[in-house]
>>> print(open('query.txt').read())   # compact mmCIF, C-alpha atoms and all ligand atoms
# COMPACT_ATOMS: atom_id res chain seq x y z
CA MET A 3 19.09 18.36 -2.97
CA SER A 4 17.57 17.41 0.33
CA THR A 5 18.92 15.82 3.47
CA LEU A 6 16.97 14.28 6.31
CA GLU A 7 19.05 14.35 9.43
CA ILE A 8 18.02 12.43 12.54
CA LYS A 9 20.26 13.12 15.52
CA ASP A 10 20.21 11.31 18.83
CA LEU A 11 16.44 10.98 18.67
CA ALA A 12 14.81 9.76 21.86
CA VAL A 13 11.11 8.95 21.98
CA SER A 14 8.76 7.61 24.63
CA VAL A 15 5.09 6.61 24.74
CA LYS A 16 2.65 6.80 27.60
CA THR A 17 1.54 3.42 28.87
CA ASP A 18 -0.56 2.34 31.84
CA ASP A 19 2.68 1.75 33.73
CA GLY A 20 4.01 5.22 32.96
CA ASP A 21 6.29 6.47 30.21
CA LYS A 22 8.13 3.86 28.21
CA GLN A 23 11.31 4.85 26.39
CA ILE A 24 11.28 3.29 22.92
CA LEU A 25 13.87 5.18 20.90
CA LYS A 26 17.12 5.59 22.78
CA GLY A 27 19.21 7.86 20.62
CA VAL A 28 18.79 7.27 16.88
CA THR A 29 21.25 8.95 14.55
CA LEU A 30 20.82 8.64 10.81
CA THR A 31 21.43 10.90 7.81
CA ILE A 32 19.65 10.32 4.52
CA LYS A 33 20.93 12.37 1.66
CA ALA A 34 19.28 12.99 -1.68
CA GLY A 35 19.74 10.04 -3.98
CA GLU A 36 20.34 7.56 -1.16
CA THR A 37 18.30 4.56 -0.12
CA HIS A 38 18.76 3.40 3.46
CA ALA A 39 17.34 0.15 4.73
CA ILE A 40 16.55 -0.21 8.41
CA MET A 41 16.35 -3.81 9.47
CA GLY A 42 15.42 -4.97 12.91
CA PRO A 43 13.41 -7.53 14.82
CA ASN A 44 9.80 -7.00 15.84
CA GLY A 45 9.38 -4.49 18.63
CA SER A 46 12.75 -2.82 18.14
CA GLY A 47 11.12 0.57 17.49
CA LYS A 48 11.17 0.83 13.71
CA SER A 49 7.57 1.99 13.37
CA THR A 50 8.06 4.35 16.30
CA LEU A 51 10.90 5.97 14.35
CA ALA A 52 8.71 6.29 11.24
CA TYR A 53 5.77 7.75 13.19
CA SER A 54 7.98 10.13 15.14
CA VAL A 55 9.48 11.55 11.95
CA ALA A 56 5.99 11.89 10.47
CA GLY A 57 4.61 13.56 13.60
CA HIS A 58 2.19 11.08 15.17
CA PRO A 59 0.87 12.72 18.37
CA LYS A 60 1.11 9.49 20.40
CA TYR A 61 4.90 9.70 20.57
CA ASP A 62 6.71 12.09 22.89
CA ILE A 63 10.06 13.36 21.67
CA THR A 64 12.28 13.37 24.73
CA GLY A 65 15.54 14.30 23.06
CA GLY A 66 17.45 14.86 19.86
CA SER A 67 16.51 16.50 16.58
CA VAL A 68 15.14 15.84 13.11
CA THR A 69 15.83 18.29 10.31
CA LEU A 70 15.03 18.37 6.62
CA ASP A 71 17.41 20.63 4.74
CA GLY A 72 18.24 22.28 8.03
CA GLU A 73 14.59 23.00 8.91
CA ASP A 74 13.35 21.75 12.27
CA VAL A 75 10.93 18.96 11.39
CA LEU A 76 9.91 18.37 15.00
CA ALA A 77 8.56 21.92 15.22
CA MET A 78 6.29 21.34 12.21
CA SER A 79 2.71 20.09 12.24
CA VAL A 80 2.00 16.87 10.36
CA ASP A 81 0.76 18.67 7.26
CA GLU A 82 3.73 21.05 7.31
CA ARG A 83 6.01 18.01 7.33
CA ALA A 84 4.21 16.68 4.27
CA ARG A 85 4.50 20.02 2.51
CA ALA A 86 8.19 20.15 3.39
CA GLY A 87 8.55 16.94 1.38
CA LEU A 88 8.22 14.06 3.84
CA PHE A 89 6.11 11.02 3.05
CA LEU A 90 5.22 8.04 5.23
CA ALA A 91 3.83 4.77 4.00
CA MET A 92 2.42 3.21 7.14
CA GLN A 93 2.89 -0.38 8.18
CA TYR A 94 -0.84 -0.59 8.87
CA PRO A 95 -2.61 1.93 6.62
CA VAL A 96 -5.82 3.25 8.17
CA GLU A 97 -9.29 2.84 6.71
CA VAL A 98 -11.14 6.00 5.74
CA PRO A 99 -14.73 4.92 5.07
CA GLY A 100 -16.69 7.23 2.79
CA VAL A 101 -13.62 8.83 1.21
CA SER A 102 -12.83 7.47 -2.23
CA VAL A 103 -9.27 6.80 -3.35
CA SER A 104 -9.63 9.39 -6.17
CA ASN A 105 -10.91 12.04 -3.81
CA PHE A 106 -8.27 11.29 -1.24
CA LEU A 107 -5.43 11.49 -3.76
CA ARG A 108 -6.70 14.72 -5.27
CA THR A 109 -7.26 16.35 -1.87
CA ALA A 110 -3.78 15.33 -0.73
CA LYS A 111 -2.18 16.66 -3.92
CA THR A 112 -4.11 19.94 -3.62
CA ALA A 113 -3.09 20.35 0.02
CA LEU A 114 0.56 19.73 -0.83
CA ASP A 115 0.74 22.04 -3.84
CA GLY A 116 -1.56 24.76 -2.55
CA GLU A 117 -3.68 24.47 -5.71
CA ALA A 118 -5.76 21.77 -7.34
CA PRO A 119 -3.99 19.74 -10.01
CA LYS A 120 -5.13 20.32 -13.60
CA LEU A 121 -7.97 17.87 -14.08
CA ARG A 122 -6.97 16.41 -17.43
CA THR A 123 -3.37 15.59 -16.65
CA TRP A 124 -4.29 14.56 -13.11
CA VAL A 125 -6.81 11.92 -14.21
CA LYS A 126 -4.23 10.60 -16.63
CA ASP A 127 -1.55 10.56 -13.92
CA VAL A 128 -3.83 8.74 -11.48
CA ASN A 129 -4.85 6.12 -14.03
CA LYS A 130 -1.22 5.58 -14.97
CA ALA A 131 -0.16 5.24 -11.31
CA LEU A 132 -2.94 2.72 -10.63
CA GLU A 133 -2.15 0.78 -13.78
CA ASP A 134 1.57 0.69 -12.94
CA LEU A 135 0.67 -0.89 -9.63
CA ASN A 136 -1.69 -3.42 -11.17
CA LEU A 137 -4.72 -1.74 -9.67
CA ASP A 138 -7.95 -1.66 -11.67
CA PRO A 139 -9.17 1.87 -12.63
CA SER A 140 -12.35 1.18 -10.63
CA PHE A 141 -10.06 1.13 -7.57
CA GLY A 142 -10.39 4.93 -7.52
CA THR A 143 -14.05 4.71 -6.50
CA ARG A 144 -13.43 2.54 -3.46
CA SER A 145 -13.17 3.91 0.08
CA VAL A 146 -9.56 4.35 1.20
CA ASN A 147 -8.24 1.05 2.58
CA GLU A 148 -11.74 -0.22 3.42
CA GLY A 149 -11.85 -3.91 2.62
CA PHE A 150 -8.53 -3.69 0.75
CA SER A 151 -6.42 -6.81 0.76
CA GLY A 152 -2.99 -6.49 2.35
CA GLY A 153 -1.46 -6.23 -1.11
CA GLU A 154 -3.95 -3.57 -2.27
CA LYS A 155 -3.17 -1.45 0.78
CA LYS A 156 0.55 -1.54 0.06
CA ARG A 157 0.12 -0.92 -3.66
CA HIS A 158 -2.13 2.04 -2.86
CA GLU A 159 0.60 3.47 -0.60
CA ILE A 160 3.05 3.32 -3.48
CA ALA A 161 0.52 4.91 -5.87
CA GLN A 162 0.40 7.78 -3.35
CA LEU A 163 4.19 7.92 -3.29
CA GLU A 164 4.35 8.25 -7.06
CA LEU A 165 1.59 10.86 -7.32
CA LEU A 166 2.54 12.99 -4.32
CA ASP A 167 6.21 12.90 -5.25
CA PRO A 168 7.86 13.79 -1.91
CA LYS A 169 11.56 14.48 -1.33
CA VAL A 170 12.06 11.80 1.27
CA ALA A 171 9.94 8.67 1.59
CA VAL A 172 9.76 6.60 4.76
CA LEU A 173 8.35 3.20 3.87
CA ASP A 174 7.39 1.10 6.89
CA GLU A 175 7.25 -2.62 6.07
CA THR A 176 5.93 -1.96 2.61
CA ASP A 177 6.82 -5.58 1.86
CA SER A 178 4.76 -7.19 4.61
CA GLY A 179 1.88 -9.35 3.48
CA LEU A 180 2.84 -9.25 -0.19
CA ASP A 181 2.98 -12.30 -2.40
CA ILE A 182 5.89 -12.52 -4.79
CA ASP A 183 4.09 -10.80 -7.71
CA ALA A 184 2.86 -7.91 -5.57
CA LEU A 185 6.31 -7.57 -4.04
CA LYS A 186 7.74 -7.13 -7.52
CA VAL A 187 5.10 -4.55 -8.49
CA VAL A 188 5.59 -2.56 -5.28
CA SER A 189 9.39 -2.72 -5.59
CA ASP A 190 9.21 -1.51 -9.19
CA GLY A 191 7.17 1.47 -7.96
CA VAL A 192 9.73 2.32 -5.29
CA ASN A 193 12.52 1.94 -7.84
CA ARG A 194 10.76 4.32 -10.25
CA PHE A 195 10.54 6.84 -7.43
CA ARG A 196 14.15 6.58 -6.45
CA ALA A 197 15.34 6.76 -10.04
CA LYS A 198 14.10 10.36 -10.07
CA ASP A 199 16.54 13.12 -9.21
CA GLY A 200 17.38 13.81 -5.60
CA LYS A 201 15.01 11.44 -3.79
CA GLY A 202 15.79 9.91 -0.41
CA VAL A 203 14.30 6.63 0.79
CA LEU A 204 14.19 5.10 4.25
CA LEU A 205 13.04 1.54 3.79
CA ILE A 206 12.02 -0.24 6.98
CA THR A 207 11.75 -3.99 6.91
CA HIS A 208 12.43 -7.06 8.96
CA TYR A 209 13.04 -9.38 6.04
CA THR A 210 15.88 -9.18 3.55
CA ARG A 211 13.50 -10.37 0.82
CA ILE A 212 12.55 -6.90 -0.50
CA LEU A 213 16.22 -5.89 -0.66
CA ARG A 214 16.68 -8.26 -3.56
CA TYR A 215 14.41 -5.95 -5.57
CA ILE A 216 15.24 -2.59 -4.01
CA GLU A 217 18.99 -2.39 -3.56
CA PRO A 218 19.87 -0.12 -0.66
CA ASP A 219 23.01 2.00 -0.54
CA PHE A 220 23.20 1.61 3.23
CA VAL A 221 21.86 -0.96 5.67
CA HIS A 222 21.32 -0.27 9.36
CA VAL A 223 20.63 -2.89 11.98
CA PHE A 224 18.07 -1.57 14.43
CA VAL A 225 17.88 -3.15 17.87
CA ASP A 226 16.32 -1.95 21.11
CA GLY A 227 15.60 1.59 19.93
CA ARG A 228 19.01 2.25 18.41
CA VAL A 229 21.09 1.72 15.31
CA ALA A 230 23.37 -1.11 16.40
CA GLU A 231 25.39 -1.37 13.20
CA SER A 232 25.59 0.32 9.80
CA GLY A 233 27.10 -0.90 6.59
CA GLY A 234 26.52 -1.50 2.92
CA PRO A 235 24.27 -4.07 1.21
CA GLU A 236 26.58 -6.85 2.43
CA LEU A 237 25.22 -6.27 5.93
CA ALA A 238 21.79 -7.47 4.76
CA GLU A 239 23.39 -10.68 3.53
CA GLU A 240 25.07 -11.18 6.85
CA LEU A 241 21.70 -10.74 8.58
CA GLU A 242 20.08 -13.19 6.20
CA ALA A 243 22.71 -15.75 7.16
CA ASN A 244 23.02 -15.10 10.89
CA GLY A 245 19.87 -13.28 12.00
CA TYR A 246 19.69 -10.60 14.67
CA ASP A 247 20.93 -12.80 17.48
CA LYS A 248 24.40 -11.30 17.77
CA TYR A 249 22.99 -7.76 17.95
CA LEU A 250 20.24 -8.71 20.38
CA ARG A 251 22.73 -10.28 22.76
CA ALA A 252 25.00 -7.24 22.55
CA ALA A 253 22.03 -4.97 23.35
CA VAL A 254 21.09 -6.78 26.56
N1 LIG A 301 1.36 3.21 22.14
C1 LIG A 301 2.17 2.31 22.69
N2 LIG A 301 1.97 1.90 23.95
C2 LIG A 301 2.80 1.01 24.52
N3 LIG A 301 3.84 0.45 23.89
C3 LIG A 301 4.07 0.81 22.64
C4 LIG A 301 3.26 1.76 21.94
N4 LIG A 301 3.74 1.91 20.68
C5 LIG A 301 4.80 1.09 20.62
N5 LIG A 301 5.01 0.45 21.77
C6 LIG A 301 6.05 -0.53 22.08
O1 LIG A 301 7.27 -0.04 21.58
C7 LIG A 301 8.06 -1.07 21.06
C8 LIG A 301 8.43 -0.77 19.63
O2 LIG A 301 7.28 -0.85 18.79
P1 LIG A 301 7.36 -0.58 17.22
O3 LIG A 301 7.96 0.76 17.00
O4 LIG A 301 6.01 -0.83 16.65
O5 LIG A 301 8.40 -1.71 16.78
P2 LIG A 301 8.67 -2.37 15.35
O6 LIG A 301 8.03 -1.52 14.32
O7 LIG A 301 10.17 -2.40 15.25
O8 LIG A 301 8.10 -3.75 15.40
C9 LIG A 301 7.26 -2.34 21.24
O9 LIG A 301 7.68 -2.99 22.40
C10 LIG A 301 5.84 -1.83 21.36
O10 LIG A 301 5.04 -2.71 22.11
MG MG A 302 6.72 -1.87 12.84
>>> encode(input="query.txt", output="C-alpha cells")
Amino acid sequence: MSTLEIKDLAVSVKTDDGDKQILKGVTLTIKAGETHAIMGPNGSGKSTLAYSVAGHPKYDITGGSVTLDGEDVLAMSVDERARAGLFLAMQYPVEVPGVSVSNFLRTAKTALDGEAPKLRTWVKDVNKALEDLNLDPSFGTRSVNEGFSGGEKKRHEIAQLELLDPKVAVLDETDSGLDIDALKVVSDGVNRFRAKDGKGVLLITHYTRILRYIEPDFVHVFVDGRVAESGGPELAEELEANGYDKYLRAAV
C-alpha cells in the first residue's frame, strides 16, 4: 500500500525578471487505490506540480515536502523517484530521435527492475500493450515521439504506464489532443491500471470530458498555484456547469 503525500509544496522558476513563485503551498494526499483529479485553468501551475514531483531540474522547491510511503521524494534523483514507484506522463512528451520505442521501453523496464525482462514474455507484453492501445506492432520500431500524432504520443505514454507498472501515476493532460475514439482507448488503459491492487492516480486535466471515462474518487480545483477546493466527483459537474470563474475571482 503506497501513499504519496504532498505537503505545503512551494515551487518557483527562474525567469528573466527573477524568480517567479508558481506553486504557493500545495497539499494533497493520494492513497493506494485512489484516483484524484486536479482541474484548473491554463497557467494555474498543474504541470509545474507534475514536474516538481517527478524531479524536473528547472523547478526550485522553495518549501514543503513530498513523500512516498514516508520516503523523502524531493531528496531523490529522477531515476530514484521512478524506481520508488513514481510515473509521470508528460503533457508534451519529448522526442528522442534514434531511440526506438521497443528499445526505450526495454531500457526503462531494465533500469526500474535492476535486470532485463525475460525476452519472451517481454515481447508478448509489449505487443499486448501496443495492441490494447490500438497501436500497430510496427510502432515499436519508430523513434520515441518523433513524428507521432498527438494521439499516438498519449497512447504511447499509457503503454509505458501499463508496462512499467508504477505505484503512483501522475498523468498530465493525457486527454489533450485526443479525438473521441483515442480518448476512450487511453481511458480504458488508465482504468486497467487503476483496477490493479494498490495503485494511485493523479489525473491532471482542464476539461471534465475525460472524467466521464475515468471516474475520480476526489476532485481538486487548482487555481493560482494552490488547491482552492476539494470534493467528490460532483465537484467536476459543478465546474462543467459554472467554470472556474468563482475560484479565479476568489484567488485575486
Ligand atoms: N520555465 C518557466 N519560466 C517562466 N514561467 C514559467 C515556466 N514554467 C512555467 N511557468 C509559468 O508558470 C505558470 C504555470 O505554468 P504550468 O505549470 O505549465 O500551468 P498549467 O499546466 O496549469 O497550464 C504559467 O504562468 C507559466 O507561464
Ligand atoms: Mg499544463
>>> residues_around(input="query.txt", residues="Pro218 of chain A", least_positions_apart="2", cutoff="12 Å", atoms="only C-alpha atoms", output="count of residues only")
35
>>> atom_distance(input="query.txt", atom1="atom P1 of ligand LIG 301 (chain A)", atom2="atom CA of Asn44 of chain A")
7.0 Å
>>> closest_residue(input="query.txt", among="A:Asp115, A:Asp10, A:Asp177, A:Glu240", to="Leu165 of chain A", atoms="only C-alpha atoms")
A:Asp115
>>> closest_atom_pairs(input="query.txt", of="chain A", to="ligand MG 302 (chain A)", cutoff="8 Å", atoms="all atoms listed in the file", output="Markdown table")
| residue | atom | partner | partner_atom | distance |
| --- | --- | --- | --- | --- |
| A:Asn44 | CA | A:MG302 | MG | 6.7 |
| A:Gly45 | CA | A:MG302 | MG | 6.9 |
| A:Gly47 | CA | A:MG302 | MG | 6.9 |
| A:Lys48 | CA | A:MG302 | MG | 5.3 |
| A:Ser49 | CA | A:MG302 | MG | 4.0 |
| A:Thr50 | CA | A:MG302 | MG | 7.2 |
| A:Gln93 | CA | A:MG302 | MG | 6.2 |
| A:Asp174 | CA | A:MG302 | MG | 6.7 |
| A:Glu175 | CA | A:MG302 | MG | 6.8 |
>>> closest_residue(input="query.txt", among="A:Val80, A:Glu164, A:Phe141, A:His208", to="Lys111 of chain A", atoms="all atoms listed in the file")
A:Glu164
>>> closest_residue(input="query.txt", among="A:Val28, A:Leu6, A:Val13, A:Ala113", to="Ala230 of chain A", atoms="all atoms listed in the file")
A:Val28
>>> axis_aligned_box(input="query.txt", around="ligand LIG 301 (chain A)", padding_each_side="4 Å", output="lines of an AutoDock Vina configuration file")
center_x = 5.8
center_y = -0.3
center_z = 19.4
size_x = 16.8
size_y = 15.0
size_z = 18.2
>>> atom_distance(input="query.txt", atom1="atom CA of Val170 of chain A", atom2="atom CA of Ala197 of chain A")
12.8 Å
>>> atom_distance(input="query.txt", atom1="atom CA of Ala184 of chain A", atom2="atom CA of Asn129 of chain A")
18.1 Å
>>> closest_residue(input="query.txt", among="A:Thr109, A:Thr17, A:Thr5, A:Thr64", to="ligand LIG 301 (chain A)", atoms="all atoms listed in the file")
A:Thr17
>>> closest_residue(input="query.txt", among="A:Arg108, A:Lys169, A:Lys26, A:Lys155", to="Asp71 of chain A", atoms="only C-alpha atoms")
A:Lys169
>>> residues_around(input="query.txt", residues="Tyr249 of chain A", least_positions_apart="4", cutoff="10 Å", atoms="all atoms listed in the file", output="MDAnalysis selection string")
chainID A and resid 42 223:226 230:231 241 245 253:254
>>> residues_around(input="query.txt", residues="segment 166-168 of chain A", least_positions_apart="2", cutoff="8 Å", atoms="all atoms listed in the file", output="PyMOL selection string")
chain A and resi 84+87-89+110-111+114+162-164+170-171+195+201
>>> decode(input="query.txt", residues="segment 29-139 of chain A", atoms="C-alpha atoms", output="tab-separated table (two decimals), in the first residue's frame")
chain	number	residue	atom	x	y	z
A	29	THR	CA	-1.27	19.97	-0.02
A	30	LEU	CA	-2.58	16.70	-1.38
A	31	THR	CA	-2.55	13.07	-0.23
A	32	ILE	CA	-3.04	10.23	-2.69
A	33	LYS	CA	-3.51	6.86	-1.12
A	34	ALA	CA	-3.28	3.47	-2.77
A	35	GLY	CA	-6.43	2.69	-4.69
A	36	GLU	CA	-7.44	6.33	-5.08
A	37	THR	CA	-7.81	8.41	-8.22
A	38	HIS	CA	-7.56	12.16	-7.74
A	39	ALA	CA	-8.39	14.60	-10.50
A	40	ILE	CA	-6.78	18.02	-10.49
A	41	MET	CA	-8.70	20.50	-12.56
A	42	GLY	CA	-7.63	24.04	-13.20
A	43	PRO	CA	-7.38	26.72	-15.84
A	44	ASN	CA	-4.35	27.16	-18.07
A	45	GLY	CA	-1.35	28.57	-16.28
A	46	SER	CA	-2.53	27.65	-12.79
A	47	GLY	CA	0.56	25.51	-12.16
A	48	LYS	CA	-0.70	21.99	-12.82
A	49	SER	CA	2.25	20.94	-14.97
A	50	THR	CA	4.63	22.60	-12.53
A	51	LEU	CA	3.20	20.35	-9.82
A	52	ALA	CA	3.66	17.25	-12.01
A	53	TYR	CA	7.23	18.19	-12.96
A	54	SER	CA	8.17	19.08	-9.40
A	55	VAL	CA	7.00	15.71	-8.11
A	56	ALA	CA	8.90	13.98	-10.94
A	57	GLY	CA	12.07	16.00	-10.29
A	58	HIS	CA	12.50	18.31	-13.28
A	59	PRO	CA	15.63	20.40	-12.60
A	60	LYS	CA	14.04	23.63	-13.90
A	61	TYR	CA	11.84	23.95	-10.81
A	62	ASP	CA	13.17	25.14	-7.47
A	63	ILE	CA	11.46	23.73	-4.41
A	64	THR	CA	11.19	26.64	-2.00
A	65	GLY	CA	9.13	24.96	0.69
A	66	GLY	CA	7.11	21.97	1.77
A	67	SER	CA	7.61	18.25	1.30
A	68	VAL	CA	6.75	15.30	-0.94
A	69	THR	CA	6.94	11.78	0.43
A	70	LEU	CA	6.14	8.36	-0.97
A	71	ASP	CA	5.47	5.87	1.80
A	72	GLY	CA	7.28	8.19	4.16
A	73	GLU	CA	10.41	8.42	1.98
A	74	ASP	CA	11.58	11.89	1.03
A	75	VAL	CA	10.90	12.13	-2.70
A	76	LEU	CA	12.49	15.57	-3.03
A	77	ALA	CA	15.83	14.16	-1.90
A	78	MET	CA	15.76	11.54	-4.67
A	79	SER	CA	17.20	11.85	-8.16
A	80	VAL	CA	14.77	11.49	-11.05
A	81	ASP	CA	15.63	7.84	-11.63
A	82	GLU	CA	15.38	7.07	-7.91
A	83	ARG	CA	11.88	8.54	-7.97
A	84	ALA	CA	10.98	6.23	-10.83
A	85	ARG	CA	12.42	3.23	-9.02
A	86	ALA	CA	10.49	4.23	-5.90
A	87	GLY	CA	7.34	3.80	-7.98
A	88	LEU	CA	6.51	7.23	-9.41
A	89	PHE	CA	5.49	7.68	-13.02
A	90	LEU	CA	4.84	10.86	-15.00
A	91	ALA	CA	3.04	11.05	-18.30
A	92	MET	CA	4.04	14.45	-19.61
A	93	GLN	CA	1.69	16.95	-21.16
A	94	TYR	CA	4.17	17.41	-24.00
A	95	PRO	CA	6.17	14.19	-24.37
A	96	VAL	CA	9.68	14.79	-25.70
A	97	GLU	CA	11.05	13.42	-28.95
A	98	VAL	CA	14.02	11.07	-28.70
A	99	PRO	CA	15.31	10.68	-32.26
A	100	GLY	CA	17.28	7.50	-32.90
A	101	VAL	CA	15.84	5.60	-29.93
A	102	SER	CA	13.14	3.14	-30.92
A	103	VAL	CA	10.01	2.66	-28.82
A	104	SER	CA	10.96	-1.01	-28.19
A	105	ASN	CA	14.44	-0.11	-27.06
A	106	PHE	CA	13.20	2.71	-24.90
A	107	LEU	CA	10.61	0.55	-23.15
A	108	ARG	CA	13.05	-2.29	-22.55
A	109	THR	CA	15.76	0.05	-21.25
A	110	ALA	CA	13.28	1.75	-18.92
A	111	LYS	CA	12.00	-1.58	-17.61
A	112	THR	CA	15.56	-2.84	-17.07
A	113	ALA	CA	16.53	0.33	-15.22
A	114	LEU	CA	13.48	0.07	-12.97
A	115	ASP	CA	13.82	-3.62	-12.13
A	116	GLY	CA	17.61	-3.77	-11.99
A	117	GLU	CA	17.58	-6.64	-14.50
A	118	ALA	CA	16.47	-7.10	-18.08
A	119	PRO	CA	12.98	-8.52	-18.53
A	120	LYS	CA	12.77	-12.07	-19.87
A	121	LEU	CA	12.73	-11.66	-23.62
A	122	ARG	CA	9.87	-13.99	-24.48
A	123	THR	CA	7.32	-12.68	-22.01
A	124	TRP	CA	8.51	-9.12	-22.55
A	125	VAL	CA	7.91	-9.16	-26.31
A	126	LYS	CA	4.48	-10.60	-25.66
A	127	ASP	CA	3.75	-7.94	-23.01
A	128	VAL	CA	4.87	-5.13	-25.30
A	129	ASN	CA	2.79	-6.38	-28.23
A	130	LYS	CA	-0.22	-6.74	-25.97
A	131	ALA	CA	0.23	-3.23	-24.53
A	132	LEU	CA	0.53	-1.73	-28.03
A	133	GLU	CA	-2.45	-3.68	-29.28
A	134	ASP	CA	-4.56	-2.64	-26.28
A	135	LEU	CA	-3.84	0.96	-27.18
A	136	ASN	CA	-4.63	0.49	-30.85
A	137	LEU	CA	-1.01	0.92	-31.85
A	138	ASP	CA	0.36	-1.14	-34.73
A	139	PRO	CA	3.17	-3.60	-33.78
